Amino acid sequence: MATDQRCFPADIHLSTPNSARLNRLMRMSRRDVLLAGMGAALVSGTGNVFAATPDDADIATFMTVSQRLTDRDTLDPRIGHALFMGIVHAVPTRRDQVNQLHELMTKNSFTSARELARAAEQADPGLKDAIHDIMTGWYRGLADHKVVVYRSALMFDITKDAVYPKTYASGGPFYWTKTPPEVALPTGEPALSPSTFVVEPT
Amino acid sequence: MPDITRNILWSVLAAGTAFASLPASSAHADDAPADLLARGEYLATAGDCVACHTAPGGKPFAGGLKIATPMGDVVSTNITPDPDHGIGKYTEEDFEKSLRQGIRRDGSHLYPAMPYVSYSGLTDGDVKALYAWFMHGVKPVAVTPPATSLNFPANMRVAMAAWNMLASNTPPESGDSATFDKMRRGRYLANALEHCGTCHTPRNMMLSEEQDSYLAGAPLVGWYAPNITSSKTSGIGNWSEDTLVQYLHTGHVDGLSQAAGPMGEAVEHSTSHLTDADLHALAAYILQVPAKEDSTEHKPRESFGQPVEAADVRSGDLTRIDDLSEMSGQYIYDANCAACHGPNGAGTSDHYAPSLFHNSVTGAGRPDNLIMTILNGVDRTADGQHVHMPGFDHDSDVQRLSDSEIASVTNYVMTTFGSGDHAATPEQVAKLRKDIAKTP
Amino acid sequence: MSSEQSLSADVVIVGSGVAGSSIANELARAGISVIVLEAGPRVDRQHFVENFRNLENKPSYQGPFPSVPWAIHPPNQITPNEYLHTTGPDAEAYQQVYLRMMGGTTWHWAGCAWRYLPSDFELKTRYGQGRDWALKYDDLEPFYYQAEVMMGVCGPDPSVEDLGSPRKQPYPMEALPISYAARQFRQLISEKTPWRVVHEPQARNTRPYDSRPTCEGHNNCMPICPIGAMYNGSYSVYHAEAAGAKFVPNAVVYRIERDSANKRVTAVHYYDPDKGSHRVTGKYFVIAAHCIETAKLLLVSADDQSPDGIANSSGHVGRNMMDHTGVQVSFISGDKALWPGRGPLETNVIDNFRDGDWRNTRGAYLVHMVDDNQVDLATALAISKGYVGRELEEQIRYLASHTVRLFSHNEGIADPENRLTLSQTHKDVLGIPHPEVYYKLPEYTVKSCEHTRGMFRELIGLMHGTDEQWTPGYFPQDHPAGSTIMGTDPKDSVVDGFCRTHDHENLFMASSSVFSSVGTGNITLTVAALALRVADTLKKELVHA
């Protein structure tokens, strides 16, 4: 019987149509393995990271950097804590990069997210990925390829006068016939160099 | 349609068709003046006769509804003008005796599920109008519903004669009820027709209403008909006449309360059809009923709670499709309730799904009505709007929740948005499930 | 390994999706004993709602439904796939997904409840292409209506908006009021093009219906309606159970047993998750296991009596695989804000190319303007463009309010070379081979897709669109059909006009597998109507017997 079973990770490495899809498959398979109850090692691995809880200073630094990069005075510390854990779990060097961003902030007096991000990429191109992770965390609610927050992601806060997060529509039946707000063409500039945009396959 | 389980006293599936089929156009209509028939029809609506005298899916007024009482099920009778199966042979005098005295044409006593102790307060003129309408405005139906079987001694209708000695009838009104002043009209509507006390006044051992606790709240086969005296803490003493009128007319007042279960049906079939003047009279009368305090409710029911804004920090983990293990109350709420009532409990912005804080159900001192609402859902048509919340009972197509899931989510909702943790238990939910009378 | 345990009923149905459960409901209500064998488990909505919210890749509509090992379904639309192995020049265009669990794939459909056009049933006669069905639209009309009532379908008044499929009764519910975005789109199309936008008929409540609530526009029909306002097969399962039908979950049918003459099916055998074997006997058998699984089961059941598989004297089991192939584009409109994603997902369709004389050379298609919340995609896009902070927020609002997504259903056509076979290399934990499909897009469909691309380019121009994102190549619309094709000639078809197999007089197929052509409308309503017709046939034969 055992030979009849598909061993997901082994097969995945045989299939490399393109990097995005491979990336996706890796994640899918990890989840499937977890779900199939075969992921004890991974679970305990996660546990180890949580055992090495970052100290309050790490979190405070992360919050300070996050506030600057979102141009927001207040961010939810519970979300911040969970995002930091996920981001560092996925890429341990992010801890140092967050500190690097913080140092840049203290050495300069940036008045906007754009100034910090631009300066960071100039100082160290590797910081761009860290900034992407922080943006993805706060705005999309994702870290370490997992959902950290769904409806509380900032992208829904920005758009709450027009649309609801899926499954949380609270306008009542037929709210959608009403006219939503107009949105002006933005004039702001990007801070970072553009990256390839990959639509994840379904 | 799936199996529809209906509860207790006011249960009419055919309501939508009931009123539609009532135009006074039968062959006999010529025998009675149109205004008398119209008055009779209005009174029958105010008295909500159709509610008990129609079985789910059955013909209007043909009887057959099982009415659960502590002594057993009473089955309502056919009151259409069919001569053999209904009341077609009743003279106006026979009709008056059954309506106001609870004595049938054959001389036997009616069970007090029939609120004749209320109808005894009707004026002669209104009895006449009702009789005219029942004889000429209602379609005869040739069906005899099953007989009632009660536990001893209530199964002896002769014993009911003794009960009637104890029960205090509403004294009959005299004169033309249409000309009563506001407060007298309100009392007349509340007692002789709407029979509010039938549910809202606690009953004694013999099932008769305790008049010193008039409208002080009573259990109602699973539901709890709340204290609606003028008590500012236990009753509805903070409601204005206008809000009560709005409630009775639409079944809903934002930030205050909404009608479900038996009251939803009373609004749908009766109070939403009353004239504005009658609603104001009824509301004014109810609001001056002497305050009676409740042992469990010391703060207005609608005063509890606020929106709960908390980030939804998540595990990000998925469960396999066959993992049906129970979630905590918070996640049962998130998965089943938050889509409409909002993660913060504020309901929909158009109030179609009500707010769960500032809500007399979650602010009550008992979880019964919340549990019953979760089990039964809400299905109420009033003032042109059909409000519907699915139930989560064992026959739900949307989601079937277990006793412990319902207990968990009830406790979560009452703790988070309402009067606090009332420690609802799975056993309590199981009992309420059983209390829902199953109709044939 | 096998602990044989006997079950028996008048009618044994394999599969509990919309087809199997609605047949079970009809038969049980007529007093006929029914057993339904479902490969997957019992499930419930609340966990799917939470799974969706915990899902990283929200557009993955298989995502919230991680399958059980004994009845795996395709985890995604990615080629190569862990379950459905597609090959051939257009392998990726046939990477279908579906769900193996109680209630079936309608757990995550979008509720689009089209009737086929009369011409869809006569493709060969009218246009010299593909094949005709062994029934006509009029044969199915009463069952279409029965299916609409069963599901609760809302749709337009035919005197105002004729969708081309003649109706004897109005839709059970009034059409859904359209969103602001759809209204703008509709206006543009009517003012600036020769085409029209119609209300899509949908199995979605525009009022409380069948003890389920009115749609509140959660915009999540796929993958999971959180409130039950949209029909799914689980309601028919519940109704059938209430009427006395017996449903057996986690029962993976792997063998179809016949009598010595090979004329009648006598039993089916299933594995439980521990590979314990069980035999179920009956008078009639219905395979209602989705197009892919139905053909797979007939092939898996091959034995000495039928070495090519059950009901396969024609050799056509597993052939003629069709689908609606999709062309998809997203772009940023240069006009007013639309804010898609308010209300249900799919409500508006350009239907001008569902039929026409040109069908003698190229396939028909319809176009959806997808009313899908774009906030997450807009955010990912804006981050990738390098925005942060205040500028990022401006971008998110702009992109989320101006993104337009269009996709099409382009008509496939029966080609015996497009074929499902059993995988020689992959088996599941029960030892049952995975399905494998060879697919080459028919020229007929390719031409249709080209025409669609032209229309999309024209629409992008009209809306002053920028940032076009074309989904590469062709993608499957998860409407597989044809694997047990219907026809009048037993030599080149598997079932007759009543969905009865030519080879076995008491064996029926209830699935899109019987479709002789695939038309353009979503297939579910036609699947349900055919299933209700099978129920009608069975009732007549069993009650009169």
# chains A, B, ... in the order shown; residues from 1 in each chain; ligands from 1
>>> interface_residues(of="chain B", to="chain C", cutoff="8 Å", atoms="only C-alpha atoms", output="VMD selection string")
chain B and resid 1 to 3 314 to 324 331 to 332 334 to 336 339 to 340 386 to 390 395 to 399
>>> closest_atom_pairs(of="chain A", to="chain C", cutoff="7 Å", atoms="only C-alpha atoms", output="tab-separated table")
residue	atom	partner	partner_atom	distance
A:Met1	CA	C:Val429	CA	6.6
A:Asp4	CA	C:Lys427	CA	5.1
A:Gln5	CA	C:Val429	CA	5.2
A:Ser15	CA	C:Pro80	CA	6.9
A:Leu69	CA	C:Gly389	CA	5.3
A:Thr70	CA	C:Gly389	CA	3.9
A:Asp71	CA	C:Gly389	CA	5.0
A:Ala113	CA	C:Gly389	CA	5.1
A:Arg114	CA	C:Val388	CA	6.1
A:His132	CA	C:Ile383	CA	6.7
A:Arg140	CA	C:Asp376	CA	6.5
A:His145	CA	C:Glu56	CA	6.4
A:Lys146	CA	C:Glu56	CA	5.4
A:Val147	CA	C:Glu56	CA	5.4
A:Tyr150	CA	C:Arg53	CA	6.2
A:Met155	CA	C:Val375	CA	6.7
A:Ile158	CA	C:Glu393	CA	6.7
A:Thr159	CA	C:Arg397	CA	6.2
A:Ala162	CA	C:Trp339	CA	6.9
A:Val163	CA	C:Arg342	CA	6.1
A:Lys166	CA	C:His218	CA	5.3
A:Thr167	CA	C:His218	CA	4.7
A:Tyr168	CA	C:His218	CA	6.2
A:Ala169	CA	C:His218	CA	4.9
A:Gly172	CA	C:Glu216	CA	5.4
A:Pro173	CA	C:Glu216	CA	4.3
A:Phe174	CA	C:Glu216	CA	6.6
A:Trp176	CA	C:Ser179	CA	4.9
A:Thr177	CA	C:Ser179	CA	4.6
A:Lys178	CA	C:Tyr180	CA	6.3
A:Thr179	CA	C:Tyr180	CA	5.9
A:Pro180	CA	C:Trp339	CA	7.0
A:Glu182	CA	C:Ala337	CA	5.4
A:Val183	CA	C:Ala337	CA	6.0
A:Leu185	CA	C:Tyr398	CA	6.7
A:Pro186	CA	C:Glu394	CA	5.9
A:Gly188	CA	C:Glu391	CA	5.2
A:Glu189	CA	C:Glu391	CA	6.8
A:Pro190	CA	C:Tyr387	CA	4.3
A:Ala191	CA	C:Tyr387	CA	5.5
A:Leu192	CA	C:Gly386	CA	4.2
A:Ser193	CA	C:Gly386	CA	5.5
A:Pro194	CA	C:Lys385	CA	4.4
A:Ser195	CA	C:Ser384	CA	5.0
A:Thr196	CA	C:Ser384	CA	6.6
A:Phe197	CA	C:Ser384	CA	5.9
A:Pro201	CA	C:Ile78	CA	6.9
A:Thr202	CA	C:Ser60	CA	4.2
>>> interface_residues(of="chain A", to="chain B", cutoff="12 Å", atoms="only C-alpha atoms", output="PyMOL selection string")
chain A and resi 28+30-37+43+75-83+86+137-138+141-154+157+161+164-175
>>> write_last_selection(atoms="N, CA and C atoms", output="compact mmCIF listing (two decimals), in the first residue's frame")
# COMPACT_ATOMS: atom_id res chain seq x y z
N MET A 28 1.88 24.60 -0.69
CA MET A 28 0.71 23.74 -0.64
C MET A 28 1.06 22.42 0.02
N ARG A 30 3.47 21.74 2.02
CA ARG A 30 3.75 21.83 3.45
C ARG A 30 2.44 21.81 4.24
N ARG A 31 1.46 22.55 3.71
CA ARG A 31 0.19 22.58 4.39
C ARG A 31 -0.46 21.20 4.37
N ASP A 32 -0.40 20.56 3.20
CA ASP A 32 -1.02 19.24 3.09
C ASP A 32 -0.38 18.26 4.05
N VAL A 33 0.93 18.37 4.15
CA VAL A 33 1.63 17.47 5.06
C VAL A 33 1.17 17.73 6.49
N LEU A 34 1.08 18.99 6.82
CA LEU A 34 0.62 19.35 8.16
C LEU A 34 -0.77 18.78 8.39
N LEU A 35 -1.60 18.95 7.38
CA LEU A 35 -2.98 18.53 7.53
C LEU A 35 -3.09 17.02 7.65
N ALA A 36 -2.24 16.35 6.94
CA ALA A 36 -2.29 14.90 6.99
C ALA A 36 -1.71 14.37 8.30
N GLY A 37 -1.34 15.26 9.15
CA GLY A 37 -0.87 14.85 10.46
C GLY A 37 0.53 14.28 10.42
N VAL A 43 5.95 21.16 13.01
CA VAL A 43 5.24 21.81 14.10
C VAL A 43 6.21 22.10 15.24
N LEU A 75 -0.71 51.61 15.38
CA LEU A 75 -0.87 50.27 14.82
C LEU A 75 -1.12 49.33 15.98
N ASP A 76 -1.85 48.26 15.70
CA ASP A 76 -2.23 47.33 16.77
C ASP A 76 -1.01 46.48 17.18
N PRO A 77 -0.57 46.59 18.44
CA PRO A 77 0.62 45.84 18.86
C PRO A 77 0.42 44.32 18.82
N ARG A 78 -0.82 43.87 19.00
CA ARG A 78 -1.06 42.42 18.93
C ARG A 78 -0.74 41.91 17.52
N ILE A 79 -1.21 42.69 16.55
CA ILE A 79 -0.93 42.30 15.17
C ILE A 79 0.57 42.38 14.91
N GLY A 80 1.18 43.46 15.40
CA GLY A 80 2.61 43.65 15.21
C GLY A 80 3.42 42.49 15.74
N HIS A 81 3.08 42.05 16.91
CA HIS A 81 3.79 40.92 17.53
C HIS A 81 3.68 39.68 16.64
N ALA A 82 2.44 39.39 16.21
CA ALA A 82 2.23 38.19 15.40
C ALA A 82 2.94 38.30 14.05
N LEU A 83 2.92 39.49 13.46
CA LEU A 83 3.60 39.66 12.17
C LEU A 83 5.10 39.47 12.31
N GLY A 86 6.05 35.90 12.53
CA GLY A 86 5.95 35.21 11.25
C GLY A 86 7.06 35.60 10.30
N GLY A 137 2.72 42.31 5.42
CA GLY A 137 2.19 41.97 6.73
C GLY A 137 1.06 42.90 7.15
N TRP A 138 1.34 44.18 7.17
CA TRP A 138 0.32 45.11 7.68
C TRP A 138 -0.84 45.29 6.73
N GLY A 141 -2.04 41.35 5.68
CA GLY A 141 -2.27 40.47 6.83
C GLY A 141 -1.52 39.15 6.75
N LEU A 142 -0.49 39.09 5.90
CA LEU A 142 0.22 37.82 5.69
C LEU A 142 1.65 37.89 6.21
N ALA A 143 2.12 36.80 6.77
CA ALA A 143 3.54 36.66 7.09
C ALA A 143 3.86 35.19 7.04
N ASP A 144 5.04 34.87 6.57
CA ASP A 144 5.46 33.47 6.50
C ASP A 144 4.46 32.64 5.69
N HIS A 145 3.90 33.26 4.64
CA HIS A 145 2.90 32.59 3.80
C HIS A 145 1.72 32.05 4.59
N LYS A 146 1.40 32.75 5.64
CA LYS A 146 0.21 32.38 6.42
C LYS A 146 -0.59 33.64 6.73
N VAL A 147 -1.89 33.43 6.97
CA VAL A 147 -2.73 34.55 7.36
C VAL A 147 -2.48 34.86 8.84
N VAL A 148 -2.10 36.09 9.10
CA VAL A 148 -1.94 36.54 10.49
C VAL A 148 -3.21 37.26 10.94
N VAL A 149 -3.68 38.17 10.09
CA VAL A 149 -5.01 38.76 10.29
C VAL A 149 -5.71 38.76 8.94
N TYR A 150 -7.01 38.64 8.96
CA TYR A 150 -7.75 38.74 7.70
C TYR A 150 -8.48 40.08 7.64
N ARG A 151 -9.61 40.17 8.34
CA ARG A 151 -10.40 41.39 8.20
C ARG A 151 -9.71 42.62 8.79
N SER A 152 -8.72 42.39 9.68
CA SER A 152 -8.04 43.52 10.30
C SER A 152 -6.84 44.01 9.50
N ALA A 153 -6.61 43.41 8.34
CA ALA A 153 -5.50 43.90 7.50
C ALA A 153 -5.80 45.33 7.06
N LEU A 154 -4.74 46.16 6.97
CA LEU A 154 -4.96 47.58 6.70
C LEU A 154 -5.62 47.84 5.34
N ASP A 157 -9.08 48.50 5.93
CA ASP A 157 -9.34 49.76 6.62
C ASP A 157 -9.39 50.91 5.60
N ASP A 161 -14.99 52.31 3.27
CA ASP A 161 -16.14 53.13 2.87
C ASP A 161 -16.77 52.63 1.57
N TYR A 164 -16.44 45.54 1.51
CA TYR A 164 -16.24 44.78 2.74
C TYR A 164 -15.27 43.64 2.46
N PRO A 165 -14.54 43.20 3.50
CA PRO A 165 -13.79 41.95 3.32
C PRO A 165 -14.79 40.84 3.00
N LYS A 166 -14.44 39.99 2.04
CA LYS A 166 -15.33 38.89 1.69
C LYS A 166 -15.71 38.10 2.95
N THR A 167 -16.95 37.71 3.03
CA THR A 167 -17.60 36.99 4.14
C THR A 167 -17.95 37.90 5.32
N TYR A 168 -17.60 39.17 5.25
CA TYR A 168 -17.97 40.08 6.34
C TYR A 168 -18.76 41.29 5.83
N ALA A 169 -19.58 41.09 4.80
CA ALA A 169 -20.36 42.22 4.29
C ALA A 169 -21.43 42.60 5.30
N SER A 170 -21.47 43.83 5.69
CA SER A 170 -22.46 44.21 6.71
C SER A 170 -23.32 45.37 6.23
N GLY A 171 -23.64 45.36 4.94
CA GLY A 171 -24.50 46.42 4.43
C GLY A 171 -25.96 46.01 4.32
N GLY A 172 -26.24 44.73 4.57
CA GLY A 172 -27.60 44.24 4.41
C GLY A 172 -27.89 43.91 2.95
N PRO A 173 -29.00 43.19 2.70
CA PRO A 173 -29.31 42.78 1.33
C PRO A 173 -29.35 43.98 0.36
N PHE A 174 -28.70 43.80 -0.76
CA PHE A 174 -28.76 44.76 -1.88
C PHE A 174 -28.04 46.08 -1.60
N TYR A 175 -27.15 46.10 -0.60
CA TYR A 175 -26.36 47.31 -0.36
C TYR A 175 -25.58 47.69 -1.61
>>> residues_around(residues="Phe110 (chain A)", least_positions_apart="4", cutoff="12 Å", atoms="only C-alpha atoms", output="number ranges by chain")
A: 65, 67-69, 71, 101-106, 114-120
>>> atom_distance(atom1="CA of Phe247 (chain C)", atom2="CA of Gly104 (chain C)")
13.1 Å
>>> residues_around(residues="region 291-297 of chain B", least_positions_apart="6", cutoff="7 Å", atoms="only C-alpha atoms", output="JSON, numbers by chain")
{"B": [213, 216, 229, 230, 231, 233, 234, 364, 365]}
>>> write_last_selection(atoms="C-alpha atoms", output="CSV table (one decimal), in the first residue's frame")
chain,number,residue,atom,x,y,z
B,213,SER,CA,-48.2,40.1,38.2
B,216,ALA,CA,-44.5,40.7,34.5
B,229,THR,CA,-44.6,46.4,32.8
B,230,SER,CA,-43.5,50.0,33.2
B,231,SER,CA,-40.5,49.0,35.4
B,233,THR,CA,-35.1,48.2,35.1
B,234,SER,CA,-37.0,45.0,34.4
B,364,ALA,CA,-32.0,39.8,29.2
B,365,GLY,CA,-31.3,38.1,32.5
>>> residues_around(residues="Asn410 (chain C)", least_positions_apart="4", cutoff="12 Å", atoms="only C-alpha atoms", output="MDAnalysis selection string")
chainID C and resid 93 322:328 351 353:355 359 362:368 441:453 474:477 479 517:522
>>> select_by_dssp(residues="region 90-283 of chain B", states="alpha helix (DSSP H)", output="ChimeraX atom specification")
/B:92-96,116-119,124-136,157-166,182-188,197-200,241-250,261-269,276-283
>>> residues_around(residues="Arg319 (chain C)", least_positions_apart="3", cutoff="9 Å", atoms="only C-alpha atoms", output="list of chain:residue names")
C:Ala295, C:Gly315, C:His316, C:Ala414, C:Asp415, C:Pro416, C:Glu417, C:Asn418, C:Arg419, C:Leu420, C:Thr421, C:Gly482, C:Ser483, C:Thr484, C:Ile485
